[in-house]
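> After the structure tokens below, expect a handful of questions from me.
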Amino acid sequence: MAERKPRISYVDPANLQDPAMLAELDRCRREGTPRPESQAVRAHVPAVFWSFANSWRDVFHTGVADHAIKELCRLYVSRSVLCEFCGNQRSIKAAKAGIAEDDVRDLINFESSTRFSEKQKAALSYAEAITWDLPTDDKLWERLHRHFSEPELVEIGYFIALTMGQQRWLRILNIDHHQVMAGESGSMAPGFETEEDLKRAKSDPNYWARKPAAARPQAAE
């Protein structure tokens, strides 16, 4: 697999003078979500770096809505827009809460899957409508209000929009894992823990990103 050149360079952590930025990049190296490569691109503009780091901390890692549900929505977006950089990461916190690889493989067909609860399916229908720009109706909103409070719907909707925009951007940058502060596997998906593992997984004919996901004609009810 030929190595792709990033379209925007990584900021070398050795050239950063801000101790707080260095500490956050070190956290990304150890814990991931986000991984250091995407933050090393955002580091060209410190305001962008911190805007994303703070939003990710406050809206994804913490917040009013269940973290594992937000992780499912994040991965649904990855599978939909084919962002390999994001799709090859996992939230350690969500994995500890029970999100399994079989759940990830079932995401695109979540409505027919037996792996998800009705609450999880409702959140994923929200992610589907936002990601694919689908029409929505009273049935969808009744479904969402049945499972979530309005603050939860605000946070989940904002988070889906945030991660979708970021993933659509990162997808075209040609960035990849194990390029910045390499040597740690925090938050990498199983089978992608090292650069060698990543290359081997991507060369597999069954690699998840080889086939585009098909959009649905209408929002699930």
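Naming works like this for the structure tokens: A, B, ... for the chains as they're shown, residue 1 at the start of each chain, ligands 1 onward in shown order.
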Identify, on the basis of only C-alpha atoms, every residue whose closest approach to region 72-84 of chain A does not exceed 9 Å; exclude the query and any residue fewer than 5 positions from it along the same chain; express the result as a ChimeraX atom specification.
/A:67,89-90,94,99,103-104,107-108,120,123-124,126-128,131-132,156,159-160,163-164,167-172,176,208-215
> With a distance cut-off of 9 Å and only C-alpha atoms, select the neighbouring residues of Arg35 (chain A), excluding the residue or stretch itself and same-chain residues fewer than 6 positions from it, and output the selection as a PyMOL selection string.
chain A and resi 25+27-29+86+89+177+180+186-188
> Could you take the residues named above and write them with N, CA and C atoms, as a CSV table (one decimal), in the first residue's frame?

chain,number,residue,atom,x,y,z
A,25,LEU,N,-1.6,17.1,23.0
A,25,LEU,CA,-1.2,16.2,22.0
A,25,LEU,C,-0.7,14.9,22.7
A,27,ARG,N,-1.8,13.7,25.5
A,27,ARG,CA,-3.0,12.9,25.8
A,27,ARG,C,-3.6,12.2,24.6
A,28,CYS,N,-3.6,12.9,23.5
A,28,CYS,CA,-4.1,12.3,22.2
A,28,CYS,C,-3.3,11.0,21.9
A,29,ARG,N,-2.0,11.1,22.1
A,29,ARG,CA,-1.1,10.0,21.8
A,29,ARG,C,-1.5,8.8,22.7
A,86,CYS,N,-11.2,8.4,10.8
A,86,CYS,CA,-12.1,8.4,11.9
A,86,CYS,C,-12.7,7.0,12.2
A,89,GLN,N,-10.8,4.4,14.4
A,89,GLN,CA,-10.7,4.7,15.8
A,89,GLN,C,-11.9,4.2,16.6
A,177,HIS,N,-3.0,7.3,10.5
A,177,HIS,CA,-2.5,7.0,11.9
A,177,HIS,C,-1.1,6.6,11.9
A,180,VAL,N,2.3,10.7,13.6
A,180,VAL,CA,2.7,11.8,14.6
A,180,VAL,C,2.7,11.2,16.0
A,186,GLY,N,-3.6,4.1,21.7
A,186,GLY,CA,-4.8,4.5,22.4
A,186,GLY,C,-5.9,4.9,21.4
A,187,SER,N,-7.0,4.2,21.6
A,187,SER,CA,-8.3,4.4,20.8
A,187,SER,C,-8.3,3.9,19.4
A,188,MET,N,-7.2,3.2,19.0
A,188,MET,CA,-7.2,2.5,17.7
A,188,MET,C,-8.1,1.3,17.6
> As a PyMOL selection string, list the residues of region 18-103 of chain A assigned to helix (DSSP H, G or I) by DSSP on the backbone atoms of this structure.
chain A and resi 19-31+36-42+46-61+67-81+84-87+92-96+101-103
> Tell me which protein, DNA and RNA residues are within 12 Å of Asp18 (chain A), counting only C-alpha atoms, leaving out same-chain ones fewer than 4 positions away, and put them as a ChimeraX atom specification.
/A:13-14,22-25,43,46,49-50
> I need the chosen residues saved as a PDB file, in the first residue's frame, with C-alpha atoms.

ATOM      1  CA  PRO A  13       5.202  18.759  18.148  1.00  0.00           C
ATOM      2  CA  ALA A  14       8.903  19.534  18.654  1.00  0.00           C
ATOM      3  CA  LEU A  22       1.950  19.710  23.956  1.00  0.00           C
ATOM      4  CA  ALA A  23       0.146  18.192  26.944  1.00  0.00           C
ATOM      5  CA  GLU A  24      -3.046  17.800  24.906  1.00  0.00           C
ATOM      6  CA  LEU A  25      -1.153  16.162  22.029  1.00  0.00           C
ATOM      7  CA  ALA A  43      -2.371  22.981  15.382  1.00  0.00           C
ATOM      8  CA  PRO A  46      -4.228  27.236  17.860  1.00  0.00           C
ATOM      9  CA  PHE A  49      -6.909  23.207  17.843  1.00  0.00           C
ATOM     10  CA  TRP A  50      -8.555  24.271  21.094  1.00  0.00           C
TER      11      TRP A  50
END
> As an MDAnalysis selection string, please: the residues near region 201-207 of chain A (cut-off 10 Å, only C-alpha atoms, same-chain neighbours under 6 positions excluded).
chainID A and resid 1 84 190:192 195
> Rounded to one decimal, what separation in Å do you get between CA of Leu144 (chain A) and CA of Ser51 (chain A)?
28.3 Å
> Need to verify the contact set: Glu31 (chain A), 9 Å, only C-alpha atoms, exclusion of same-chain residues closer than 5 positions in sequence. Can you return it as a PyMOL selection string?
chain A and resi 26+91-92+184-187
> Could you please determine the separation between CA of Val11 (chain A) and CA of Glu37 (chain A) in Å, to one decimal place?
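Value for the CA of Val11 (chain A)-CA of Glu37 (chain A) distance: 8.9 Å.
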